[in-house]
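What follows is upload_11.tsv (TSV, C-alpha atoms).
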chain	number	residue	atom	x	y	z
V	1	MET	CA	64.41	-10.63	28.74
V	2	SER	CA	64.63	-8.00	26.02
V	3	ASP	CA	61.38	-6.32	24.92
V	4	VAL	CA	62.85	-5.25	21.57
V	5	ILE	CA	61.60	-6.83	18.34
V	6	VAL	CA	64.51	-6.78	15.89
V	7	ALA	CA	62.92	-8.77	13.05
V	8	PRO	CA	63.64	-7.34	9.57
V	9	SER	CA	59.87	-7.15	8.92
V	10	THR	CA	56.62	-7.92	10.71
V	11	ARG	CA	53.08	-8.88	9.67
V	12	ASP	CA	49.54	-9.15	11.00
V	13	LEU	CA	49.66	-12.15	13.31
V	14	ASP	CA	45.89	-12.70	13.32
V	15	ASP	CA	45.90	-13.16	9.55
V	16	LEU	CA	48.95	-15.39	9.81
V	17	SER	CA	47.22	-17.57	12.41
V	18	LYS	CA	44.37	-18.41	10.03
V	19	ASP	CA	46.65	-18.95	7.03
V	20	LEU	CA	48.98	-21.19	9.03
V	21	ALA	CA	46.09	-23.29	10.32
V	22	ASP	CA	44.80	-23.80	6.77
V	23	TRP	CA	48.27	-24.71	5.54
V	24	MET	CA	48.91	-27.13	8.41
V	25	GLN	CA	45.63	-28.87	7.63
V	26	ALA	CA	47.03	-29.66	4.18
V	27	GLN	CA	50.20	-31.04	5.77
V	28	MET	CA	48.23	-33.21	8.21
V	29	PRO	CA	45.00	-34.25	6.44
V	30	GLN	CA	44.21	-36.66	9.28
V	31	ALA	CA	44.25	-33.86	11.88
V	32	ARG	CA	41.02	-32.36	13.14
V	33	GLU	CA	40.15	-29.00	14.75
V	34	ILE	CA	43.52	-27.33	14.20
V	35	THR	CA	43.89	-24.09	16.15
V	36	ILE	CA	46.85	-21.76	16.51
V	37	ASP	CA	47.60	-19.26	19.27
V	38	ASN	CA	50.37	-17.48	21.17
V	39	LEU	CA	51.98	-16.03	18.04
V	40	GLU	CA	54.87	-13.73	18.86
V	41	TYR	CA	58.16	-12.45	17.53
V	42	PRO	CA	61.31	-13.31	19.50
V	43	ARG	CA	62.72	-10.38	21.45
V	44	GLY	CA	66.27	-9.10	21.08
V	45	ALA	CA	67.30	-11.71	18.49
V	46	GLY	CA	66.45	-12.73	14.93
V	47	GLN	CA	67.65	-9.76	12.89
V	48	SER	CA	68.26	-11.49	9.57
V	49	HIS	CA	65.11	-13.64	9.13
V	50	GLU	CA	61.52	-12.97	10.04
V	51	THR	CA	60.87	-15.60	12.71
V	52	ILE	CA	57.59	-16.14	14.57
V	53	LEU	CA	56.84	-18.43	17.51
V	54	PHE	CA	53.43	-20.07	17.91
V	55	ASP	CA	51.55	-22.97	19.46
V	56	ALA	CA	49.30	-25.35	17.54
V	57	HIS	CA	46.61	-27.71	18.83
V	58	TRP	CA	44.74	-30.47	17.03
V	59	LYS	CA	43.13	-33.87	17.43
V	60	ASP	CA	44.52	-36.99	15.83
V	61	GLY	CA	42.63	-40.26	16.24
V	62	GLY	CA	40.87	-38.90	19.28
V	63	GLU	CA	44.11	-37.75	20.94
V	64	ARG	CA	44.67	-34.04	21.59
V	65	ILE	CA	48.07	-32.79	20.42
V	66	ASP	CA	49.69	-29.60	21.69
V	67	GLN	CA	52.89	-28.63	19.91
V	68	GLY	CA	55.02	-25.50	19.91
V	69	PHE	CA	56.40	-24.35	16.56
V	70	VAL	CA	58.57	-21.70	14.93
V	71	VAL	CA	57.99	-20.46	11.40
V	72	ARG	CA	61.01	-18.93	9.69
V	73	PHE	CA	60.69	-17.01	6.42
V	74	LYS	CA	63.24	-16.74	3.65
V	75	PRO	CA	64.39	-13.12	3.35
V	76	ILE	CA	62.98	-11.30	0.32
V	77	SER	CA	64.24	-7.73	0.60
V	78	PHE	CA	66.30	-7.69	3.82
V	79	ILE	CA	69.20	-9.66	2.32
V	80	MET	CA	72.25	-9.93	4.58
V	81	PHE	CA	74.29	-12.30	2.42
V	82	PRO	CA	74.87	-12.56	-1.33
V	83	ASP	CA	74.65	-16.36	-1.23
V	84	ASP	CA	71.32	-18.15	-1.13
V	85	LEU	CA	71.86	-21.00	1.34
V	86	TRP	CA	68.19	-21.36	2.30
V	87	ASP	CA	67.84	-25.04	1.39
V	88	GLN	CA	71.23	-25.88	2.88
V	89	GLN	CA	70.41	-24.44	6.31
V	90	ILE	CA	67.30	-26.60	6.48
V	91	GLU	CA	69.22	-29.71	5.45
V	92	VAL	CA	71.96	-29.05	8.03
V	93	MET	CA	69.32	-28.91	10.75
V	94	ARG	CA	67.77	-32.16	9.59
V	95	VAL	CA	71.13	-33.95	9.52
V	96	PHE	CA	72.09	-32.84	13.03
V	97	HIS	CA	68.66	-33.50	14.50
V	98	GLU	CA	68.77	-37.07	13.18
V	99	ASP	CA	72.41	-37.51	14.20
V	100	GLY	CA	71.94	-36.36	17.80
V	101	ARG	CA	75.47	-35.26	18.65
V	102	ILE	CA	74.16	-31.77	19.39
V	103	PRO	CA	70.60	-30.64	20.20
V	104	VAL	CA	68.92	-29.15	17.11
V	105	ALA	CA	65.21	-28.45	16.62
V	106	LYS	CA	63.29	-30.85	14.40
V	107	VAL	CA	62.23	-29.41	11.05
V	108	TRP	CA	58.63	-30.48	10.51
V	109	TRP	CA	57.90	-28.99	7.10
V	110	LYS	CA	59.42	-26.90	4.32
V	111	GLU	CA	57.29	-24.87	1.92
V	112	ASP	CA	58.52	-23.52	-1.43
V	113	ASP	CA	55.19	-22.13	-2.68
V	114	GLU	CA	55.58	-18.40	-2.10
V	115	SER	CA	51.90	-17.67	-2.71
V	116	ILE	CA	50.79	-19.26	0.57
V	117	LEU	CA	52.37	-16.85	3.07
V	118	GLY	CA	54.12	-14.40	0.79
V	119	GLY	CA	57.46	-16.22	0.61
V	120	LYS	CA	59.24	-19.49	1.22
V	121	PHE	CA	59.28	-20.73	4.80
V	122	TYR	CA	59.90	-23.70	7.02
V	123	VAL	CA	58.35	-24.78	10.31
V	124	MET	CA	60.36	-26.35	13.12
V	125	GLU	CA	59.65	-27.38	16.66
V	126	LYS	CA	59.74	-24.70	19.35
V	127	LYS	CA	62.18	-25.37	22.17
V	128	LYS	CA	61.37	-23.91	25.57
V	129	GLY	CA	64.33	-22.14	27.07
V	130	ARG	CA	66.30	-18.91	27.27
V	131	VAL	CA	68.62	-17.19	24.82
V	132	THR	CA	71.41	-14.69	25.49
V	133	VAL	CA	70.15	-11.86	23.30
V	134	SER	CA	72.18	-9.21	21.48
V	135	VAL	CA	69.76	-6.29	21.90
V	136	PRO	CA	70.46	-5.16	24.56
V	137	PRO	CA	73.78	-7.03	24.98
V	138	TYR	CA	73.37	-10.04	27.26
V	139	SER	CA	76.36	-8.97	29.34
V	140	MET	CA	74.70	-5.67	30.24
V	141	SER	CA	71.24	-6.78	31.39
V	142	GLY	CA	68.86	-9.71	31.53
V	143	TRP	CA	68.94	-13.24	32.92
V	144	PHE	CA	72.50	-14.07	31.86
V	145	ALA	CA	74.01	-10.91	33.31
V	146	GLU	CA	72.15	-11.62	36.56
V	147	SER	CA	73.33	-15.23	36.77
V	148	THR	CA	76.11	-16.43	39.05
V	149	PRO	CA	79.61	-17.06	37.65
V	150	GLU	CA	79.06	-20.79	38.24
V	151	GLN	CA	75.83	-20.77	36.23
V	152	ARG	CA	77.41	-18.85	33.39
V	153	HIS	CA	80.36	-21.21	33.35
V	154	ARG	CA	78.02	-24.19	33.03
V	155	ALA	CA	76.35	-22.63	29.99
V	156	TRP	CA	79.68	-21.54	28.47
V	157	ARG	CA	81.22	-24.98	28.86
V	158	GLN	CA	78.26	-26.77	27.32
V	159	GLY	CA	78.27	-24.26	24.48
V	160	VAL	CA	81.94	-24.86	23.65
V	161	GLU	CA	81.48	-28.62	23.94
V	162	ALA	CA	78.58	-28.50	21.49
V	163	MET	CA	80.60	-26.38	19.08
V	164	ALA	CA	83.39	-28.93	19.23
V	165	ARG	CA	81.03	-31.89	18.73
V	166	LEU	CA	79.44	-30.36	15.66
V	167	HIS	CA	82.95	-30.03	14.25
V	168	THR	CA	83.35	-33.81	14.49
V	169	MET	CA	80.57	-34.35	11.93
V	170	PRO	CA	82.08	-36.18	8.92
V	171	VAL	CA	82.04	-33.90	5.88
V	172	GLU	CA	80.87	-36.87	3.80
V	173	ARG	CA	77.45	-36.46	5.41
V	174	LEU	CA	77.30	-32.80	4.36
V	175	GLY	CA	77.79	-33.15	0.63
V	176	PHE	CA	74.99	-30.64	-0.02
V	177	LEU	CA	77.41	-27.94	1.21
V	178	LYS	CA	79.67	-28.38	-1.83
V	179	PHE	CA	78.98	-25.37	-4.01
V	180	ASP	CA	79.66	-24.43	-7.62
V	181	TRP	CA	81.40	-21.18	-6.73
V	182	PRO	CA	84.62	-20.70	-8.76
V	183	GLY	CA	87.47	-22.32	-6.83
V	184	ALA	CA	85.19	-23.09	-3.90
V	185	GLU	CA	86.43	-26.54	-2.98
V	186	GLN	CA	86.28	-27.74	0.62
V	187	GLY	CA	88.37	-26.11	3.31
V	188	LEU	CA	89.52	-22.52	3.55
V	189	PRO	CA	89.26	-21.89	-0.24
V	190	GLN	CA	85.48	-22.27	0.03
V	191	GLU	CA	85.12	-19.83	2.91
V	192	TRP	CA	87.62	-17.43	1.35
V	193	GLU	CA	85.75	-17.38	-1.95
V	194	LYS	CA	82.47	-16.73	-0.16
V	195	TRP	CA	83.72	-13.73	1.79
V	196	SER	CA	85.83	-12.34	-1.06
V	197	ARG	CA	82.61	-12.09	-3.03
V	198	TYR	CA	80.97	-10.44	-0.02
V	199	VAL	CA	83.61	-7.69	-0.21
V	200	ASP	CA	82.80	-7.15	-3.89
V	201	TRP	CA	79.06	-7.16	-3.11
V	202	VAL	CA	79.22	-4.66	-0.23
V	203	ASN	CA	81.80	-2.45	-1.92
V	204	ALA	CA	80.45	-2.54	-5.47
V	205	ASP	CA	80.64	1.26	-5.70
V	206	GLY	CA	84.19	1.38	-4.30
V	207	GLU	CA	83.03	3.60	-1.45
V	208	ILE	CA	85.09	1.75	1.18
V	209	PRO	CA	88.47	0.96	-0.44
V	210	ILE	CA	89.97	-0.28	2.83
V	211	LEU	CA	87.93	-3.49	2.44
V	212	LYS	CA	89.99	-4.48	-0.58
V	213	GLU	CA	93.16	-3.54	1.28
V	214	ALA	CA	92.15	-5.70	4.22
V	215	LEU	CA	91.35	-8.62	1.93
V	216	ALA	CA	94.73	-8.30	0.23
V	217	GLN	CA	96.52	-8.22	3.60
V	218	LEU	CA	94.74	-11.38	4.69
V	219	GLU	CA	95.39	-13.13	1.39
V	220	ALA	CA	99.11	-12.40	1.66
V	221	THR	CA	99.29	-14.06	5.08
V	222	LYS	CA	96.98	-17.06	4.59
V	223	PRO	CA	97.94	-20.06	6.76
V	224	GLY	CA	98.83	-23.41	5.28
V	225	HIS	CA	96.32	-25.16	7.55
V	226	THR	CA	93.26	-25.41	5.28
V	227	ALA	CA	91.64	-28.70	6.35
V	228	PRO	CA	87.94	-29.10	5.53
V	229	GLY	CA	85.30	-29.20	8.19
V	230	LEU	CA	81.89	-27.74	8.93
V	231	VAL	CA	81.48	-24.01	9.45
V	232	TRP	CA	78.35	-23.39	11.51
V	233	GLY	CA	78.56	-19.72	10.55
V	234	ASP	CA	77.29	-17.43	13.29
V	235	CYS	CA	79.03	-19.45	15.98
V	236	ARG	CA	78.28	-17.85	19.36
V	237	ILE	CA	76.53	-18.44	22.64
V	238	GLY	CA	73.79	-16.06	21.48
V	239	ASN	CA	72.68	-18.71	18.98
V	240	MET	CA	72.15	-21.31	21.68
V	241	MET	CA	69.22	-21.92	24.00
V	242	PHE	CA	69.48	-23.05	27.62
V	243	ASP	CA	67.01	-24.39	30.16
V	244	ALA	CA	66.57	-23.23	33.74
V	245	ASN	CA	69.49	-25.41	34.85
V	246	TYR	CA	71.80	-23.76	32.30
V	247	ASP	CA	71.88	-26.92	30.21
V	248	LEU	CA	72.06	-26.53	26.45
V	249	ILE	CA	68.83	-27.52	24.67
V	250	ALA	CA	69.26	-26.10	21.14
V	251	VAL	CA	71.88	-24.91	18.66
V	252	MET	CA	70.28	-22.44	16.24
V	253	ASP	CA	70.73	-20.28	13.13
V	254	TRP	CA	72.45	-22.25	10.38
V	255	GLU	CA	71.94	-19.76	7.57
V	256	GLN	CA	75.60	-19.55	6.49
V	257	ALA	CA	76.92	-23.10	6.91
V	258	THR	CA	79.79	-24.16	4.64
V	259	LEU	CA	82.61	-26.72	4.56
V	260	GLY	CA	85.17	-23.95	4.91
V	261	GLY	CA	87.01	-25.37	7.92
V	262	SER	CA	86.15	-25.47	11.63
V	263	LEU	CA	88.79	-22.91	12.66
V	264	ASN	CA	86.49	-20.28	11.19
V	265	ASP	CA	83.95	-21.14	13.90
V	266	LEU	CA	86.48	-21.35	16.70
V	267	ALA	CA	87.80	-17.90	15.77
V	268	TRP	CA	84.24	-16.53	15.58
V	269	TRP	CA	83.34	-17.86	19.03
V	270	ILE	CA	86.52	-16.52	20.62
V	271	THR	CA	86.41	-13.08	18.99
V	272	LEU	CA	82.72	-12.38	19.56
V	273	GLY	CA	82.98	-13.70	23.10
V	274	GLU	CA	85.79	-11.27	23.82
V	275	GLN	CA	83.78	-8.40	22.34
V	276	MET	CA	80.55	-9.26	24.17
V	277	HIS	CA	81.69	-10.42	27.60
V	278	GLY	CA	85.49	-10.44	27.70
V	279	ALA	CA	87.80	-8.38	29.87
V	280	SER	CA	88.54	-6.00	26.99
V	281	GLY	CA	85.17	-6.21	25.25
V	282	PHE	CA	83.72	-3.09	23.65
V	283	LEU	CA	80.12	-4.28	23.09
V	284	GLY	CA	79.34	-5.23	26.67
V	285	LYS	CA	81.02	-5.80	30.00
V	286	HIS	CA	83.12	-8.58	31.46
V	287	LEU	CA	81.21	-11.53	32.86
V	288	GLU	CA	82.84	-13.79	35.43
V	289	GLY	CA	82.51	-17.47	34.71
V	290	MET	CA	83.03	-17.28	30.97
V	291	GLY	CA	86.12	-19.12	29.79
V	292	THR	CA	89.17	-17.37	28.41
V	293	ARG	CA	90.51	-17.71	24.90
V	294	GLN	CA	92.89	-20.45	26.02
V	295	ASP	CA	90.15	-22.21	28.01
V	296	THR	CA	88.06	-22.33	24.85
V	297	ILE	CA	90.92	-23.65	22.72
V	298	ASP	CA	91.83	-26.36	25.24
V	299	LEU	CA	88.24	-27.57	25.63
V	300	TRP	CA	87.62	-27.53	21.87
V	301	GLN	CA	90.86	-29.36	21.07
V	302	GLY	CA	90.18	-31.97	23.71
V	303	ILE	CA	87.04	-32.99	21.84
V	304	THR	CA	87.99	-32.44	18.20
V	305	GLY	CA	91.68	-33.35	18.31
V	306	GLN	CA	92.19	-30.77	15.57
V	307	SER	CA	95.14	-28.43	15.11
V	308	VAL	CA	94.76	-24.73	15.84
V	309	ASP	CA	97.73	-23.71	13.70
V	310	GLY	CA	96.99	-20.35	12.12
V	311	LEU	CA	94.13	-19.53	14.50
V	312	GLU	CA	95.29	-15.92	14.85
V	313	TRP	CA	94.83	-15.45	11.11
V	314	TYR	CA	91.30	-16.85	11.31
V	315	GLU	CA	90.55	-14.39	14.10
V	316	ASP	CA	91.61	-11.52	11.82
V	317	PHE	CA	89.51	-13.02	9.03
V	318	MET	CA	86.56	-13.11	11.40
V	319	VAL	CA	87.03	-9.41	12.19
V	320	LEU	CA	86.75	-8.60	8.48
V	321	LYS	CA	83.59	-10.71	8.26
V	322	THR	CA	81.88	-8.86	11.10
V	323	CYS	CA	82.92	-5.52	9.64
V	324	LEU	CA	81.27	-6.49	6.36
V	325	MET	CA	78.10	-7.57	8.15
V	326	SER	CA	78.00	-4.31	10.13
V	327	ILE	CA	78.27	-2.31	6.91
V	328	ARG	CA	75.50	-4.33	5.27
V	329	MET	CA	73.21	-4.20	8.32
V	330	GLY	CA	73.61	-0.43	8.60
V	331	ARG	CA	72.70	0.08	4.98
V	332	LEU	CA	69.66	-2.20	5.22
V	333	ARG	CA	68.39	-0.25	8.22
V	334	GLY	CA	68.99	3.06	6.46
V	335	GLN	CA	71.69	4.13	8.91
V	336	GLY	CA	74.70	3.91	6.62
V	337	PRO	CA	77.72	1.74	7.52
V	338	LEU	CA	77.81	0.95	11.24
V	339	ILE	CA	81.60	0.84	11.23
V	340	ASP	CA	84.06	3.38	9.85
V	341	PRO	CA	87.26	2.75	7.85
V	342	GLU	CA	89.57	3.75	10.68
V	343	THR	CA	87.95	1.26	13.02
V	344	ILE	CA	88.46	-1.46	10.42
V	345	ARG	CA	92.09	-0.44	10.04
V	346	LYS	CA	92.63	-0.48	13.79
V	347	ARG	CA	90.93	-3.80	14.42
V	348	LEU	CA	92.91	-5.50	11.64
V	349	ARG	CA	96.14	-3.82	12.76
V	350	MET	CA	96.71	-2.32	9.33
V	351	GLY	CA	99.43	0.27	8.85
Spell out the structure here as structure tokens.
Amino acid sequence: MSDVIVAPSTRDLDDLSKDLADWMQAQMPQAREITIDNLEYPRGAGQSHETILFDAHWKDGGERIDQGFVVRFKPISFIMFPDDLWDQQIEVMRVFHEDGRIPVAKVWWKEDDESILGGKFYVMEKKKGRVTVSVPPYSMSGWFAESTPEQRHRAWRQGVEAMARLHTMPVERLGFLKFDWPGAEQGLPQEWEKWSRYVDWVNADGEIPILKEALAQLEATKPGHTAPGLVWGDCRIGNMMFDANYDLIAVMDWEQATLGGSLNDLAWWITLGEQMHGASGFLGKHLEGMGTRQDTIDLWQGITGQSVDGLEWYEDFMVLKTCLMSIRMGRLRGQGPLIDPETIRKRLRMG
């Protein structure tokens, strides 16, 4: 397990404990003797939102209740994305938790009054399991690197199956993901509009002209396959939690969900997997037991029945997305862009 706290900001947890207990009393007026303990930040994950784990205890009608929770705060200054999809991420979690096709934590409460804890937040149930963290990379050290190939394959397979099942969710149940962005109808146009504006946002000063070049190259080669479908967003095994038997118990981090088409997620999973644990990965080392690109495609198609026409283009699109996020993350942490123009050119095979 990583010992590194990567949260964008931290606070006094003793003060938070008292404030949370007072707030929870207002949410549960029938509860008595509310106490909170075991507050901690997750280690090695949670870079975009301040997220804190805690346990709460209270009495209700004479019965003692012990419940684990997670409080997640809306970013105020550490803003990774130009689009505010705070309410949408909460609603996506509620829909999937009620639906049951994939395991998603129950959202207990949402709070919009910023005066209570210094910003908007929501509280969800705490699942008890293990996460493949990014800092340090899960393929280099920790429980997943030390697992057997058979154990890793079990987790990988359940992860891909869950990704595929979430892509079977009817878009009619996700109408809150229809946005008023110019030209942002369902399907690829929605996702394209979102990330085109990200280029403008990150490159407002024109400091990195290759971003516009990359966007133009991708636009000139767009595939015709633009069917709608849910985009989870940060679609990777690192945003899943597993129990001791390597069974999936939670799919997490829905902060950038759209209806931009499920091939965006498939490409994200494949590309990040190759970088983190693939045979040619440059962020970690190869892990036996993890499925290949074709293994992933076959398993995903067997569940979704969807076409993968144009997948290579979506993989290139995903590379641009991660380059943009690396640039933004570096600036937020005061390190400057974490990726240079030549690396972008090489990874997108630009002349």
| said: List the spatial neighbours of V:Ala31 as a ChimeraX atom specification - criterion: any atom at most 8 Å away, only C-alpha atoms, same-chain residues fewer than 6 positions off excluded. | reply: /V:25,58-61
7 Å contact set for V:Trp254, all atoms listed in the file, chain neighbours under 6 positions out, as a short mmCIF file (atom, residue, chain, number, x, y, z; two decimals) with C-alpha atoms, in the frame of the given file:
data_model
loop_
_atom_site.label_atom_id
_atom_site.label_comp_id
_atom_site.auth_asym_id
_atom_site.auth_seq_id
_atom_site.Cartn_x
_atom_site.Cartn_y
_atom_site.Cartn_z
CA GLN V 89 70.41 -24.44 6.31
CA TRP V 232 78.35 -23.39 11.51
CA GLY V 233 78.56 -19.72 10.55
#
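Around stretch 75-81 of chain V, within 8 Å and counting all atoms listed in the file, the residues found are Pro8, Ser48, His49, Glu50, Gly119, Tyr198, Met325, Arg328, Met329 and Leu332 of chain V, once anything fewer than 4 positions away on its own chain is removed.
In this comparison, which uses all atoms listed in the file, the residue of V:Lys285, V:Lys194, V:Arg165, V:Arg101 approaching V:Gln256 most closely is V:Lys194.
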Please tabulate, as a Markdown table, the residues of stretch 156-191 of chain V that come within 7 Å of stretch 215-228 of chain V, each with its closest pair of atoms and the distance in Å to one decimal, counting only C-alpha atoms and ordering rows by chain, then residue number upward.
| residue | atom | partner | partner_atom | distance |
| --- | --- | --- | --- | --- |
| V:Gln186 | CA | V:Pro228 | CA | 5.4 |
| V:Gly187 | CA | V:Pro228 | CA | 3.7 |
| V:Leu188 | CA | V:Thr226 | CA | 5.0 |
| field | Best match for closeness to V:Arg152 among V:Asn203, V:Thr168, V:Asn245, V:Thr296, counting only C-alpha atoms | value |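 Checking each of V:Asn203, V:Thr168, V:Asn245, V:Thr296 against V:Arg152, counting only C-alpha atoms, the winner is V:Asn245.
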| message | Measuring between all atoms listed in the file, which one of V:Asp12, V:Asp19, V:Asp309, V:Glu274 shows the shortest distance to V:Ser115? | response | V:Asp19
Please work out which residues fall within 8 Å of (81.0, -18.9, -0.3), coordinates as given in the file, with all atoms listed in the file counting, and return them as a PDB file with C-alpha atoms, in the coordinates of the input.
ATOM      1  CA  ASP V  83      74.650 -16.360  -1.230  1.00  0.00           C
ATOM      2  CA  PHE V 179      78.980 -25.370  -4.010  1.00  0.00           C
ATOM      3  CA  TRP V 181      81.400 -21.180  -6.730  1.00  0.00           C
ATOM      4  CA  ALA V 184      85.190 -23.090  -3.900  1.00  0.00           C
ATOM      5  CA  GLN V 190      85.480 -22.270   0.030  1.00  0.00           C
ATOM      6  CA  GLU V 191      85.120 -19.830   2.910  1.00  0.00           C
ATOM      7  CA  TRP V 192      87.620 -17.430   1.350  1.00  0.00           C
ATOM      8  CA  GLU V 193      85.750 -17.380  -1.950  1.00  0.00           C
ATOM      9  CA  LYS V 194      82.470 -16.730  -0.160  1.00  0.00           C
ATOM     10  CA  TRP V 195      83.720 -13.730   1.790  1.00  0.00           C
ATOM     11  CA  ARG V 197      82.610 -12.090  -3.030  1.00  0.00           C
ATOM     12  CA  THR V 258      79.790 -24.160   4.640  1.00  0.00           C
TER      13      THR V 258
END
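Put simply, atom CA of V:Gly142 is 28.1 Å away from atom CA of V:Val123.
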| query | Nearest to V:Glu91: which of V:Ala257, V:Val231, V:Leu20, V:Ala164 is it, counting all atoms listed in the file? | reply |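 The closest residue to V:Glu91 is V:Ala257.
You will find atom CA of V:Leu13 at 11.7 Å from atom CA of V:Thr51.
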| task | Kindly indicate which residue among V:Ala267, V:Arg64, V:Tyr122, V:Val71 lies nearest to V:Asp316, using all atoms listed in the file for the distances. | result | V:Ala267
| query | Which value, in Å to one decimal, gives the distance between atom CA of V:Leu299 and atom CA of V:Leu248? | reply |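 Interatomic distance here is 16.2 Å.
Candidate residues V:Arg154, V:Arg32, V:Lys127, V:Lys212 were compared for distance to V:Gly291, and the nearest is V:Arg154, using only C-alpha atoms.
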| query | Once you count only C-alpha atoms, which residues end up no further than 12 Å from (80.6, -24.7, 27.7) in the file's frame, shown as a ChimeraX atom specification? | reply | /V:150-165,236-237,240,242,246-248,269,289-292,295-300
